[in-house]
Amino acid sequence: MNTANVLFKEASNTAVVKEFTTVKKGLFTIVLKKKYANLVVEVRVNGYVIPIQIIENPESLKTYSLEFIVENQQKVKLKEVVVFAKKKAFEIAEDTLKYNVSAYRDGNERKINDILKKLPGITVEANSGKIKYNGKAIETVTLEGDNLFGQNYTVGTKNINVDMVEQVQAVDHYTENPLLKGIEQNDKVSLNLILKKGRLDFSGDATIGAGFFDNGKVAHDDSATLLGITKNLKSFGTVNYNNIGKNMSPFDYSGFNLNPEELKEREFSASKIIPENLFTSALGNERTNSNKQFFSNFNSIFKIGNRLIVKTNGYYVKDRILRNELVENQFQIYNQSFVTLDYTSFTKKPEQFRGDIEIKYSISKNSLLQYSSRIKEEGLVTPISTLRNGLDVFDSNLRSKDMLFTQRVLFTNRFNENKAIQGSFFQSTNYRPQELVILSSILNSVNGIDTQKSAFRKNYVEGYLKLLGAVNKNKYEFNIGTILEENPFNSVFSGNDIKSENRFNYEQQSIFVSGNYHFNIAKWRISPRTSFRYLRQKREDYFTDKSDLVRDFIFEPNLSVTYRISSLASVNASLGYKGLNNAETFLFQNPILVNNRVTYSNTPTLELQKRQIYSLDYTLNDLFNQFELSIDMNFQKVKGNFFSNSFITENTTIISNFFLPEWTNDFTANTRVSKYIPLLESTIKLITSFNHSNFKNIVNNSELRNNKINFYRNELFFKTAFDIAVNFESTSIFQNSVAKSDGQKQQFTNASFQETFKVLLHTDKRWTTTVSADYFLPNSNNKSIDFLFLNSSFDYKAKKNKWRFGIELKNLFNENYFDQIQTNDYATTIFRSTLLPRYFLMNFSLNF
């Protein structure tokens with residue numbers, strides 16, 4: 001206490017203050033002006049009690065020394081006051097947007113993927129699990145700041161229990177390498193999961209789900225996850241077995257969807273020419289995928305001392321997918337009309353082993369050495385039985401393998417605050433052999449065996465040196481490097497005394513120099529990029545003993561301009577040019593059989609494809625007013641491409657691809673708008689997309705045809721957030737496609753409609769009931785064929801979410817099949833596939 005007041009009173013009347021002074025730094029001195037019989041001296045300090053002193057018969061001219069001691073702080077007993085405040089839904093801190101998970105939950109969420117779909121600004125693709133934030137694909141999902149999952153982040157989002165997570169953070173300008181922070185200019189985005197307090201050391205959950213299908217077979221959905229976080233170890237493991245259509249792995253074997261990792265690694269992955277007979281259904285995997293999937297994964301990060309970090313990832317997946325399909329093609333080619341009909345029954349049996357390792361060693365405070373490697377072995381067996389046009393039966397078996405080994409060494413050195421250098425060496429080899437055996441030759445259906453073998457291999461080596469720097473707010477990057485690629489290919493077809501072989505090697509060697517500079521001026525960012533590349537291509541055909549050699553010098557400019565309208569909105573425009581070589585799947589010459597109907601061949605060439613790319617986008621994410629708007633437009637113009645020459649009959653389709661230096665173009669426009677309306681206590685989202693494609697082909701000995709396809713999709717989402725027991729959710733989707741060839745009268749059109757309506761009932765905080773109805777109309781011109789699905793679920797959560805019990809009832813109307821219609825420039829195709837039968841499932845979950 002620095003100051004206090006000293007009061008002097010007459011003992012006979014203590015209510016009146018006679019004289020006073022102020023204490024400074026604990027000391028005071030005063031000469032009294034009057035004489036007193038008995039003097040009371042009192043010190044007052046706010047919040048403290050100090051005893052008084054009495055001087056009896058004080059003498060004049062005498063000095064008195066007084067000492068006062070603070071006895072204790074005043075204590076006031078107040079009644080208990082409880083303040084209830086709703087936690088903020090989000091917080092913004094610099095480049096990080098923090099979503100509080102509890103604010104977006106409605107009780108239906110099980111895994112973190114379920115909550116991500118509800119966060120404003122974030123979208124999740126249904127089958128692939130690919131995540132976008134404000135229209136940009138995210139780089140990864142980190143756990144408490146550590147990149148545990150890498151590019152295969154769907155392992156975490158599909159399997160981490162939502163009850164474990166306190167907060168989801170969207171991080172702009174994400175850089176995994178700490179030495180490049182503040183130097184590297186990037187628009188990378190990541191999501192970071194913050195765990196609830198107390199979720200340290202080891203925690204997890206286990207779920208047992210059991211029930212019955214309508215046909216009496218047992219239904220399963222069993223899983224367990226384990227999360228470990230200590231000072232030097234962070235790990236996540238999961239194991240799952242189910243036969244109710246769920247895909248808990250990052251690998252999509254029930255369709256053709258590539259996960260984010262596979263999309264980024266196509267450059268050094270070998271091709272596969274013979275596809276499995278699967279297509280992506282509008283219903284999603286959980287209704288069409290009759291599976292028996294076992295998936296396990298374990299990820300860990302070890303911190304050994306202050307310099308060494310080791311990350312390991314292990315995957316194992318085994319599945320058995322059953323499906324029956326009916327594919328009807330209604331062809332109209334000039335004045336000729338005919339229909340083909342295939343009824344196919346197949347079983348797909350994938351099995352994959354994979355292991356990853358990454359080692360980071362900090363040589364010094366400014367130097368980092370990284371090594372990463374991967375080994376993968378995948379096998380797929382697909383027995384197929386096909387009834388063609390109701391007459392011919394073909395039994396076939398397709399065996400595919402995928403063996404991959406990759407390794408990378410990356411060195412980073414930061415010279416000073418504004419400059420760094422990186423050196424990288426990457427090597428991979430990928431071998432993908434296939435064998436298709438068809439009983440009853442397609443050339444002679446009475447007897448005989450057709451055998452088609454093919455094997456793509458890709459050996460890939462890349463090395464580069466990169467200089468990064470910053471000048472004030474501006475940033476730059478210069479690269480010099482080389483790529484060596486070898487693609488040997490072999491194929492042999494034999495059947496009914498006919499043999500067709502391909503045997504060639506394709507090599508490409510490139511040396512590149514590239515640079516980009518980012519000018520940051522006020523609200524503007526202007527980013528010119530240039531690349532100069534020397535490309536040497538060589539195709540050596542061992543079967544015909546011919547070789548082609550082409551050398552090209554390729555200049556690839558690009559310009560991107562971003563204007564930051566405010567902290568909430570920005571607009572971006574870009575344009576660029578690329579010179580691309582063609583994929584190795586267009587470089588074999590003799591026919592390859594891919595199923596009981598279709599053969600492929602090419603007229604190989606090493607000519608380049610010239611591509612012009614233009615884009616414009618606008619984003620606004622106003623979380624305070626709960627309003628989101630994004631608009632993007634992309635136009636691509638290509639000169640030089642492989643076009644198809646197709647000869648189609650009732651029994652066979654022969655496709656020969658050829659290269660022409662002709663122009664084609666593609667235009668895409670997307671809009672996404674979302675708004676919370678307080679008056680209605682509801683959220684409304686509208687998502688529209690439009691695509692226009694212009695391409696060329698030849699069909700049944702026609703002239704070269706100019707074709708156009710227009711595709712439009714509109715999705716309207718509505719969800720209430722009433723503070724009562726009942727809420728509603730609706731999703732309406734309308735799609736329309738029109739395909740037409742110039743000079744032809746006929747056009748192929750199809751419009752479809754889909755409506756999903758949910759009722760969410762919360763009788764209290766523990767009970768949740770959901771009833772949903774899904775209506776599908778595959779063709780609006782034929783309303784007699786439609787589908788209605790009814791599902792319901794009941795869920796009970798114990799106190800503190802220690803355990804959970806649920807009941808699921810799916811496909812209560814027991815729909816057996818589903819139709820999906822697609823159109824192109826010469827046919828309408830109807831896909832009919834069998835569905836999972838009605839089933840009942842009880843599940844019990846335990847959190848620990």
# chains A, B, ... in the order shown; residues from 1 in each chain; ligands from 1

call {"tool": "select_by_dssp", "arguments": {"residues": "range 373-591 of chain A", "states": "strand (DSSP E)", "output": "PyMOL selection string"}}
result
chain A and resi 373-388+392-416+419-439+449-471+474-495+498-521+524-541+546-564+569-580

call {"tool": "residues_around", "arguments": {"residues": "range 729-746 of chain A", "least_positions_apart": "3", "cutoff": "6 Å", "atoms": "only C-alpha atoms", "output": "count of residues only"}}
result
26

call {"tool": "closest_residue", "arguments": {"among": "A:Glu650, A:Thr769, A:Val17, A:Ser271", "to": "Leu587 in chain A", "atoms": "only C-alpha atoms"}}
result
A:Ser271

call {"tool": "closest_residue", "arguments": {"among": "A:Ile55, A:Val40, A:Ile244, A:Leu179", "to": "Lys365 in chain A", "atoms": "only C-alpha atoms"}}
result
A:Leu179

call {"tool": "select_by_dssp", "arguments": {"residues": "range 62-199 of chain A", "states": "alpha helix (DSSP H)", "output": "list in words"}}
result
Ile112, Asn113, Asp114, Ile115, Leu116, Thr154, Val155, Gly156, Thr157, Lys158 and Asn159 of chain A

call {"tool": "atom_distance", "arguments": {"atom1": "CA of Tyr48 in chain A", "atom2": "CA of Glu67 in chain A"}}
result
15.7 Å

call {"tool": "closest_atom_pairs", "arguments": {"of": "range 299-408 of chain A", "to": "range 588-603 of chain A", "cutoff": "12 Å", "atoms": "only C-alpha atoms", "output": "JSON lines"}}
result
{"residue": "A:Thr340", "atom": "CA", "partner": "A:Arg597", "partner_atom": "CA", "distance": 10.5}
{"residue": "A:Leu341", "atom": "CA", "partner": "A:Arg597", "partner_atom": "CA", "distance": 11.2}
{"residue": "A:Asp342", "atom": "CA", "partner": "A:Arg597", "partner_atom": "CA", "distance": 9.8}
{"residue": "A:Tyr343", "atom": "CA", "partner": "A:Asn596", "partner_atom": "CA", "distance": 11.9}
{"residue": "A:Thr344", "atom": "CA", "partner": "A:Asn596", "partner_atom": "CA", "distance": 10.9}
{"residue": "A:Thr382", "atom": "CA", "partner": "A:Asn595", "partner_atom": "CA", "distance": 11.9}
{"residue": "A:Pro383", "atom": "CA", "partner": "A:Asn595", "partner_atom": "CA", "distance": 11.8}
{"residue": "A:Ile384", "atom": "CA", "partner": "A:Asn595", "partner_atom": "CA", "distance": 9.8}
{"residue": "A:Ser385", "atom": "CA", "partner": "A:Asn596", "partner_atom": "CA", "distance": 10.0}
{"residue": "A:Thr386", "atom": "CA", "partner": "A:Asn596", "partner_atom": "CA", "distance": 8.2}
{"residue": "A:Leu387", "atom": "CA", "partner": "A:Asn596", "partner_atom": "CA", "distance": 9.9}
{"residue": "A:Arg388", "atom": "CA", "partner": "A:Asn596", "partner_atom": "CA", "distance": 8.6}
{"residue": "A:Asn389", "atom": "CA", "partner": "A:Arg597", "partner_atom": "CA", "distance": 11.2}
{"residue": "A:Asp392", "atom": "CA", "partner": "A:Asn596", "partner_atom": "CA", "distance": 10.2}
{"residue": "A:Val393", "atom": "CA", "partner": "A:Asn596", "partner_atom": "CA", "distance": 9.7}
{"residue": "A:Phe394", "atom": "CA", "partner": "A:Asn596", "partner_atom": "CA", "distance": 7.1}
{"residue": "A:Asp395", "atom": "CA", "partner": "A:Asn596", "partner_atom": "CA", "distance": 9.1}
{"residue": "A:Ser396", "atom": "CA", "partner": "A:Asn596", "partner_atom": "CA", "distance": 8.3}
{"residue": "A:Asn397", "atom": "CA", "partner": "A:Asn595", "partner_atom": "CA", "distance": 10.0}
{"residue": "A:Leu398", "atom": "CA", "partner": "A:Asn595", "partner_atom": "CA", "distance": 9.4}

call {"tool": "write_last_selection", "arguments": {"atoms": "N, CA and C atoms", "output": "PDB file, in the first residue's frame"}}
result
ATOM      1  N   THR A 340     -27.983 -52.354 -76.420  1.00  0.00           N
ATOM      2  CA  THR A 340     -27.168 -53.434 -75.862  1.00  0.00           C
ATOM      3  C   THR A 340     -27.520 -53.610 -74.396  1.00  0.00           C
ATOM      4  N   LEU A 341     -27.429 -54.858 -73.942  1.00  0.00           N
ATOM      5  CA  LEU A 341     -27.851 -55.168 -72.585  1.00  0.00           C
ATOM      6  C   LEU A 341     -26.854 -56.148 -71.969  1.00  0.00           C
ATOM      7  N   ASP A 342     -26.246 -55.755 -70.848  1.00  0.00           N
ATOM      8  CA  ASP A 342     -25.309 -56.625 -70.147  1.00  0.00           C
ATOM      9  C   ASP A 342     -25.753 -56.784 -68.705  1.00  0.00           C
ATOM     10  N   TYR A 343     -25.913 -58.043 -68.283  1.00  0.00           N
ATOM     11  CA  TYR A 343     -26.166 -58.326 -66.868  1.00  0.00           C
ATOM     12  C   TYR A 343     -24.886 -58.921 -66.305  1.00  0.00           C
ATOM     13  N   THR A 344     -24.302 -58.249 -65.319  1.00  0.00           N
ATOM     14  CA  THR A 344     -22.992 -58.639 -64.803  1.00  0.00           C
ATOM     15  C   THR A 344     -23.066 -58.894 -63.309  1.00  0.00           C
ATOM     16  N   THR A 382     -10.782 -60.168 -59.366  1.00  0.00           N
ATOM     17  CA  THR A 382     -12.161 -59.815 -59.705  1.00  0.00           C
ATOM     18  C   THR A 382     -12.752 -60.860 -60.646  1.00  0.00           C
ATOM     19  N   PRO A 383     -13.417 -61.889 -60.111  1.00  0.00           N
ATOM     20  CA  PRO A 383     -14.157 -62.818 -60.974  1.00  0.00           C
ATOM     21  C   PRO A 383     -15.476 -62.192 -61.430  1.00  0.00           C
ATOM     22  N   ILE A 384     -15.783 -62.338 -62.727  1.00  0.00           N
ATOM     23  CA  ILE A 384     -16.949 -61.666 -63.326  1.00  0.00           C
ATOM     24  C   ILE A 384     -17.721 -62.663 -64.178  1.00  0.00           C
ATOM     25  N   SER A 385     -19.036 -62.622 -64.069  1.00  0.00           N
ATOM     26  CA  SER A 385     -19.908 -63.413 -64.928  1.00  0.00           C
ATOM     27  C   SER A 385     -20.850 -62.458 -65.652  1.00  0.00           C
ATOM     28  N   THR A 386     -20.896 -62.538 -66.996  1.00  0.00           N
ATOM     29  CA  THR A 386     -21.664 -61.581 -67.789  1.00  0.00           C
ATOM     30  C   THR A 386     -22.583 -62.310 -68.755  1.00  0.00           C
ATOM     31  N   LEU A 387     -23.839 -61.867 -68.778  1.00  0.00           N
ATOM     32  CA  LEU A 387     -24.805 -62.315 -69.787  1.00  0.00           C
ATOM     33  C   LEU A 387     -24.980 -61.175 -70.781  1.00  0.00           C
ATOM     34  N   ARG A 388     -24.515 -61.381 -72.022  1.00  0.00           N
ATOM     35  CA  ARG A 388     -24.538 -60.327 -73.039  1.00  0.00           C
ATOM     36  C   ARG A 388     -25.774 -60.462 -73.922  1.00  0.00           C
ATOM     37  N   ASN A 389     -26.573 -59.393 -73.927  1.00  0.00           N
ATOM     38  CA  ASN A 389     -27.779 -59.316 -74.778  1.00  0.00           C
ATOM     39  C   ASN A 389     -28.721 -60.506 -74.578  1.00  0.00           C
ATOM     40  N   ASP A 392     -25.381 -64.615 -74.779  1.00  0.00           N
ATOM     41  CA  ASP A 392     -24.039 -65.154 -74.593  1.00  0.00           C
ATOM     42  C   ASP A 392     -23.574 -64.966 -73.155  1.00  0.00           C
ATOM     43  N   VAL A 393     -22.989 -66.034 -72.604  1.00  0.00           N
ATOM     44  CA  VAL A 393     -22.484 -66.000 -71.235  1.00  0.00           C
ATOM     45  C   VAL A 393     -20.955 -66.004 -71.265  1.00  0.00           C
ATOM     46  N   PHE A 394     -20.341 -65.069 -70.511  1.00  0.00           N
ATOM     47  CA  PHE A 394     -18.889 -64.986 -70.412  1.00  0.00           C
ATOM     48  C   PHE A 394     -18.498 -65.012 -68.933  1.00  0.00           C
ATOM     49  N   ASP A 395     -17.593 -65.915 -68.617  1.00  0.00           N
ATOM     50  CA  ASP A 395     -17.014 -65.955 -67.275  1.00  0.00           C
ATOM     51  C   ASP A 395     -15.569 -65.502 -67.375  1.00  0.00           C
ATOM     52  N   SER A 396     -15.229 -64.489 -66.608  1.00  0.00           N
ATOM     53  CA  SER A 396     -13.878 -63.944 -66.697  1.00  0.00           C
ATOM     54  C   SER A 396     -13.295 -63.750 -65.302  1.00  0.00           C
ATOM     55  N   ASN A 397     -11.978 -63.605 -65.274  1.00  0.00           N
ATOM     56  CA  ASN A 397     -11.286 -63.355 -64.018  1.00  0.00           C
ATOM     57  C   ASN A 397     -10.165 -62.358 -64.285  1.00  0.00           C
ATOM     58  N   LEU A 398     -10.162 -61.265 -63.531  1.00  0.00           N
ATOM     59  CA  LEU A 398      -9.158 -60.222 -63.678  1.00  0.00           C
ATOM     60  C   LEU A 398      -8.292 -60.185 -62.430  1.00  0.00           C
TER      61      LEU A 398
END

call {"tool": "residues_around", "arguments": {"residues": "Met403 in chain A", "least_positions_apart": "3", "cutoff": "9 Å", "atoms": "only C-alpha atoms", "output": "PyMOL selection string"}}
result
chain A and resi 375-379+429-432

call {"tool": "residues_around", "arguments": {"residues": "Thr828 in chain A", "least_positions_apart": "4", "cutoff": "8 Å", "atoms": "only C-alpha atoms", "output": "JSON, numbers by chain"}}
result
{"A": [329, 330, 331, 748, 821, 822, 823, 824]}

call {"tool": "residues_around", "arguments": {"residues": "Pro250 in chain A", "least_positions_apart": "2", "cutoff": "12 Å", "atoms": "only C-alpha atoms", "output": "ChimeraX atom specification"}}
result
/A:127-130,149-159,246-248,252-254,257-262,295-297,315-317,352
